[in-house]
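Note: the block below is model03.pdb and it holds PDB, N, CA and C atoms.
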MODEL        1
ATOM      1  N   MET A   1      84.684 -42.813  77.078
ATOM      2  CA  MET A   1      85.854 -42.607  76.265
ATOM      3  C   MET A   1      85.483 -42.379  74.807
ATOM      4  N   ARG A   2      84.480 -43.105  74.362
ATOM      5  CA  ARG A   2      84.064 -42.991  72.971
ATOM      6  C   ARG A   2      83.497 -41.598  72.704
ATOM      7  N   LYS A   3      82.739 -41.047  73.652
ATOM      8  CA  LYS A   3      82.171 -39.713  73.480
ATOM      9  C   LYS A   3      83.283 -38.674  73.389
ATOM     10  N   THR A   4      84.330 -38.855  74.153
ATOM     11  CA  THR A   4      85.460 -37.931  74.131
ATOM     12  C   THR A   4      86.117 -37.950  72.752
ATOM     13  N   LYS A   5      86.284 -39.135  72.181
ATOM     14  CA  LYS A   5      86.870 -39.259  70.852
ATOM     15  C   LYS A   5      85.986 -38.598  69.805
ATOM     16  N   GLN A   6      84.675 -38.628  70.011
ATOM     17  CA  GLN A   6      83.751 -37.994  69.064
ATOM     18  C   GLN A   6      83.764 -36.469  69.233
ATOM     19  N   LEU A   7      84.001 -35.995  70.435
ATOM     20  CA  LEU A   7      83.977 -34.561  70.688
ATOM     21  C   LEU A   7      85.222 -33.846  70.165
ATOM     22  N   ILE A   8      86.337 -34.522  70.150
ATOM     23  CA  ILE A   8      87.587 -33.874  69.722
ATOM     24  C   ILE A   8      87.479 -33.355  68.279
ATOM     25  N   PRO A   9      87.037 -34.165  67.322
ATOM     26  CA  PRO A   9      86.909 -33.617  65.964
ATOM     27  C   PRO A   9      85.878 -32.465  65.895
ATOM     28  N   LEU A  10      84.837 -32.567  66.660
ATOM     29  CA  LEU A  10      83.827 -31.522  66.688
ATOM     30  C   LEU A  10      84.418 -30.229  67.247
ATOM     31  N   LYS A  11      85.209 -30.337  68.306
ATOM     32  CA  LYS A  11      85.867 -29.159  68.879
ATOM     33  C   LYS A  11      86.805 -28.513  67.857
ATOM     34  N   HIS A  12      87.534 -29.338  67.124
ATOM     35  CA  HIS A  12      88.455 -28.818  66.106
ATOM     36  C   HIS A  12      87.675 -28.109  64.993
ATOM     37  N   GLU A  13      86.577 -28.696  64.603
ATOM     38  CA  GLU A  13      85.762 -28.090  63.551
ATOM     39  C   GLU A  13      85.184 -26.748  64.011
ATOM     40  N   LEU A  14      84.701 -26.707  65.248
ATOM     41  CA  LEU A  14      84.165 -25.457  65.783
ATOM     42  C   LEU A  14      85.257 -24.390  65.891
ATOM     43  N   LEU A  15      86.430 -24.801  66.307
ATOM     44  CA  LEU A  15      87.555 -23.866  66.392
ATOM     45  C   LEU A  15      87.924 -23.330  65.004
ATOM     46  N   ASP A  16      87.949 -24.203  64.006
ATOM     47  CA  ASP A  16      88.237 -23.769  62.638
ATOM     48  C   ASP A  16      87.195 -22.774  62.142
ATOM     49  N   ILE A  17      85.933 -23.037  62.434
ATOM     50  CA  ILE A  17      84.853 -22.129  62.028
ATOM     51  C   ILE A  17      85.025 -20.777  62.713
ATOM     52  N   LEU A  18      85.291 -20.798  63.997
ATOM     53  CA  LEU A  18      85.472 -19.554  64.748
ATOM     54  C   LEU A  18      86.662 -18.765  64.208
ATOM     55  N   MET A  19      87.749 -19.445  63.938
ATOM     56  CA  MET A  19      88.940 -18.758  63.433
ATOM     57  C   MET A  19      88.680 -18.151  62.057
ATOM     58  N   SER A  20      87.965 -18.859  61.198
ATOM     59  CA  SER A  20      87.673 -18.309  59.867
ATOM     60  C   SER A  20      86.744 -17.107  59.973
ATOM     61  N   MET A  21      85.836 -17.122  60.951
ATOM     62  CA  MET A  21      84.958 -15.972  61.175
ATOM     63  C   MET A  21      85.778 -14.777  61.643
ATOM     64  N   LYS A  22      86.730 -15.007  62.527
ATOM     65  CA  LYS A  22      87.594 -13.927  63.021
ATOM     66  C   LYS A  22      88.409 -13.329  61.874
ATOM     67  N   VAL A  23      88.942 -14.181  61.017
ATOM     68  CA  VAL A  23      89.732 -13.710  59.880
ATOM     69  C   VAL A  23      88.852 -12.876  58.949
ATOM     70  N   THR A  24      87.648 -13.349  58.692
ATOM     71  CA  THR A  24      86.722 -12.623  57.828
ATOM     72  C   THR A  24      86.377 -11.271  58.425
ATOM     73  N   GLU A  25      86.111 -11.230  59.724
ATOM     74  CA  GLU A  25      85.797  -9.963  60.393
ATOM     75  C   GLU A  25      86.985  -9.010  60.324
ATOM     76  N   HIS A  26      88.187  -9.530  60.544
ATOM     77  CA  HIS A  26      89.387  -8.701  60.494
ATOM     78  C   HIS A  26      89.582  -8.115  59.091
ATOM     79  N   GLU A  27      89.397  -8.938  58.071
ATOM     80  CA  GLU A  27      89.542  -8.458  56.702
ATOM     81  C   GLU A  27      88.511  -7.380  56.380
ATOM     82  N   ALA A  28      87.281  -7.559  56.855
ATOM     83  CA  ALA A  28      86.231  -6.562  56.614
ATOM     84  C   ALA A  28      86.565  -5.247  57.306
ATOM     85  N   ARG A  29      87.053  -5.315  58.556
ATOM     86  CA  ARG A  29      87.443  -4.086  59.268
ATOM     87  C   ARG A  29      88.602  -3.397  58.563
ATOM     88  N   LYS A  30      89.555  -4.179  58.091
ATOM     89  CA  LYS A  30      90.712  -3.624  57.393
ATOM     90  C   LYS A  30      90.278  -2.938  56.094
ATOM     91  N   LYS A  31      89.366  -3.565  55.374
ATOM     92  CA  LYS A  31      88.873  -2.986  54.121
ATOM     93  C   LYS A  31      88.103  -1.693  54.396
ATOM     94  N   ASN A  32      87.259  -1.689  55.419
ATOM     95  CA  ASN A  32      86.502  -0.489  55.770
ATOM     96  C   ASN A  32      87.433   0.648  56.182
ATOM     97  N   ALA A  33      88.478   0.334  56.906
ATOM     98  CA  ALA A  33      89.438   1.355  57.316
ATOM     99  C   ALA A  33      90.141   1.945  56.092
ATOM    100  N   ALA A  34      90.486   1.110  55.140
ATOM    101  CA  ALA A  34      91.140   1.586  53.918
ATOM    102  C   ALA A  34      90.207   2.495  53.123
ATOM    103  N   VAL A  35      88.941   2.127  53.045
ATOM    104  CA  VAL A  35      87.958   2.955  52.327
ATOM    105  C   VAL A  35      87.798   4.297  53.021
ATOM    106  N   ARG A  36      87.696   4.289  54.352
ATOM    107  CA  ARG A  36      87.577   5.560  55.098
ATOM    108  C   ARG A  36      88.804   6.436  54.879
ATOM    109  N   TYR A  37      89.978   5.830  54.891
ATOM    110  CA  TYR A  37      91.209   6.582  54.680
ATOM    111  C   TYR A  37      91.217   7.215  53.289
ATOM    112  N   LEU A  38      90.850   6.449  52.273
ATOM    113  CA  LEU A  38      90.847   6.982  50.912
ATOM    114  C   LEU A  38      89.813   8.094  50.747
ATOM    115  N   ARG A  39      88.643   7.938  51.366
ATOM    116  CA  ARG A  39      87.625   8.992  51.297
ATOM    117  C   ARG A  39      88.118  10.267  51.971
ATOM    118  N   ALA A  40      88.746  10.127  53.109
ATOM    119  CA  ALA A  40      89.267  11.301  53.815
ATOM    120  C   ALA A  40      90.362  11.964  52.983
ATOM    121  N   ARG A  41      91.230  11.167  52.424
ATOM    122  CA  ARG A  41      92.309  11.722  51.606
ATOM    123  C   ARG A  41      91.753  12.449  50.391
ATOM    124  N   ARG A  42      90.774  11.855  49.741
ATOM    125  CA  ARG A  42      90.165  12.491  48.567
ATOM    126  C   ARG A  42      89.440  13.776  48.974
ATOM    127  N   GLY A  43      88.806  13.774  50.125
ATOM    128  CA  GLY A  43      88.151  14.989  50.621
ATOM    129  C   GLY A  43      89.145  16.117  50.821
ATOM    130  N   ILE A  44      90.298  15.792  51.359
ATOM    131  CA  ILE A  44      91.354  16.796  51.552
ATOM    132  C   ILE A  44      91.844  17.300  50.194
ATOM    133  N   GLU A  45      92.033  16.383  49.256
ATOM    134  CA  GLU A  45      92.481  16.783  47.923
ATOM    135  C   GLU A  45      91.459  17.706  47.255
ATOM    136  N   ILE A  46      90.181  17.394  47.370
ATOM    137  CA  ILE A  46      89.133  18.234  46.778
ATOM    138  C   ILE A  46      89.141  19.614  47.425
ATOM    139  N   ARG A  47      89.295  19.649  48.723
ATOM    140  CA  ARG A  47      89.329  20.943  49.424
ATOM    141  C   ARG A  47      90.511  21.779  48.944
ATOM    142  N   ASN A  48      91.673  21.163  48.826
ATOM    143  CA  ASN A  48      92.852  21.882  48.350
ATOM    144  C   ASN A  48      92.684  22.353  46.901
ATOM    145  N   GLU A  49      92.094  21.503  46.054
ATOM    146  CA  GLU A  49      91.848  21.895  44.667
ATOM    147  C   GLU A  49      90.885  23.072  44.598
ATOM    148  N   THR A  50      89.852  23.044  45.424
ATOM    149  CA  THR A  50      88.875  24.138  45.452
ATOM    150  C   THR A  50      89.539  25.436  45.882
ATOM    151  N   LYS A  51      90.334  25.376  46.921
ATOM    152  CA  LYS A  51      91.045  26.574  47.375
ATOM    153  C   LYS A  51      91.968  27.123  46.284
ATOM    154  N   ARG A  52      92.691  26.227  45.628
ATOM    155  CA  ARG A  52      93.603  26.646  44.577
ATOM    156  C   ARG A  52      92.837  27.286  43.411
ATOM    157  N   LEU A  53      91.711  26.691  43.029
ATOM    158  CA  LEU A  53      90.899  27.249  41.952
ATOM    159  C   LEU A  53      90.326  28.608  42.338
ATOM    160  N   GLU A  54      89.853  28.734  43.565
ATOM    161  CA  GLU A  54      89.333  30.025  44.023
ATOM    162  C   GLU A  54      90.426  31.087  43.964
ATOM    163  N   HIS A  55      91.614  30.725  44.373
ATOM    164  CA  HIS A  55      92.743  31.656  44.342
ATOM    165  C   HIS A  55      93.076  32.035  42.898
ATOM    166  N   ASP A  56      93.124  31.031  42.009
ATOM    167  CA  ASP A  56      93.434  31.292  40.601
ATOM    168  C   ASP A  56      92.370  32.174  39.952
ATOM    169  N   ILE A  57      91.115  31.927  40.254
ATOM    170  CA  ILE A  57      90.026  32.738  39.706
ATOM    171  C   ILE A  57      90.125  34.171  40.216
ATOM    172  N   ALA A  58      90.438  34.325  41.487
ATOM    173  CA  ALA A  58      90.588  35.677  42.053
ATOM    174  C   ALA A  58      91.740  36.401  41.368
ATOM    175  N   ASP A  59      92.840  35.707  41.145
ATOM    176  CA  ASP A  59      93.975  36.311  40.447
ATOM    177  C   ASP A  59      93.605  36.690  39.014
ATOM    178  N   PHE A  60      92.842  35.807  38.367
ATOM    179  CA  PHE A  60      92.407  36.055  36.995
ATOM    180  C   PHE A  60      91.494  37.278  36.942
ATOM    181  N   ASP A  61      90.538  37.372  37.870
ATOM    182  CA  ASP A  61      89.632  38.525  37.937
ATOM    183  C   ASP A  61      90.407  39.806  38.151
ATOM    184  N   ASP A  62      91.402  39.771  39.010
ATOM    185  CA  ASP A  62      92.223  40.967  39.301
ATOM    186  C   ASP A  62      92.976  41.410  38.039
ATOM    187  N   GLY A  63      93.368  40.489  37.212
ATOM    188  CA  GLY A  63      94.106  40.808  36.000
ATOM    189  C   GLY A  63      93.246  41.511  34.955
ATOM    190  N   TRP A  64      91.945  41.288  34.994
ATOM    191  CA  TRP A  64      91.034  41.888  34.020
ATOM    192  C   TRP A  64      90.611  43.289  34.431
ATOM    193  N   ARG A  65      90.831  43.630  35.656
ATOM    194  CA  ARG A  65      90.363  44.940  36.121
ATOM    195  C   ARG A  65      91.357  46.015  35.877
TER     196      ARG A  65
ENDMDL
END
Can the structure from this file be put into structure tokens for me?
Amino acid sequence: MRKTKQLIPLKHELLDILMSMKVTEHEARKKNAAVRYLRARRGIEIRNETKRLEHDIADFDDGWR
């Protein structure tokens, strides 16, 4: 009986450690997903800006001819 009483707090402590590890892993995955999303969004914005600049330069060149 005494061993059982000693194991209960240990089980609770192990469960708390496991849960905090899960929370930490979840937060890290969430942060990585946000970074990937922002990088992809910025890549799309850069591509659109490049296309717009190429178009504007072509229009500008046509105006000089």
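Between atom CA of A:Asp16 and atom N of A:Thr4 the separation is 19.4 Å.
The gap separating atom C of A:Ala34 from atom CA of A:Leu15 is 29.6 Å, in Å to one decimal.
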Original post:
In Å, with one decimal, what is the gap from atom CA of A:Leu10 to atom CA of A:Glu27?
Top reply: 25.8 Å
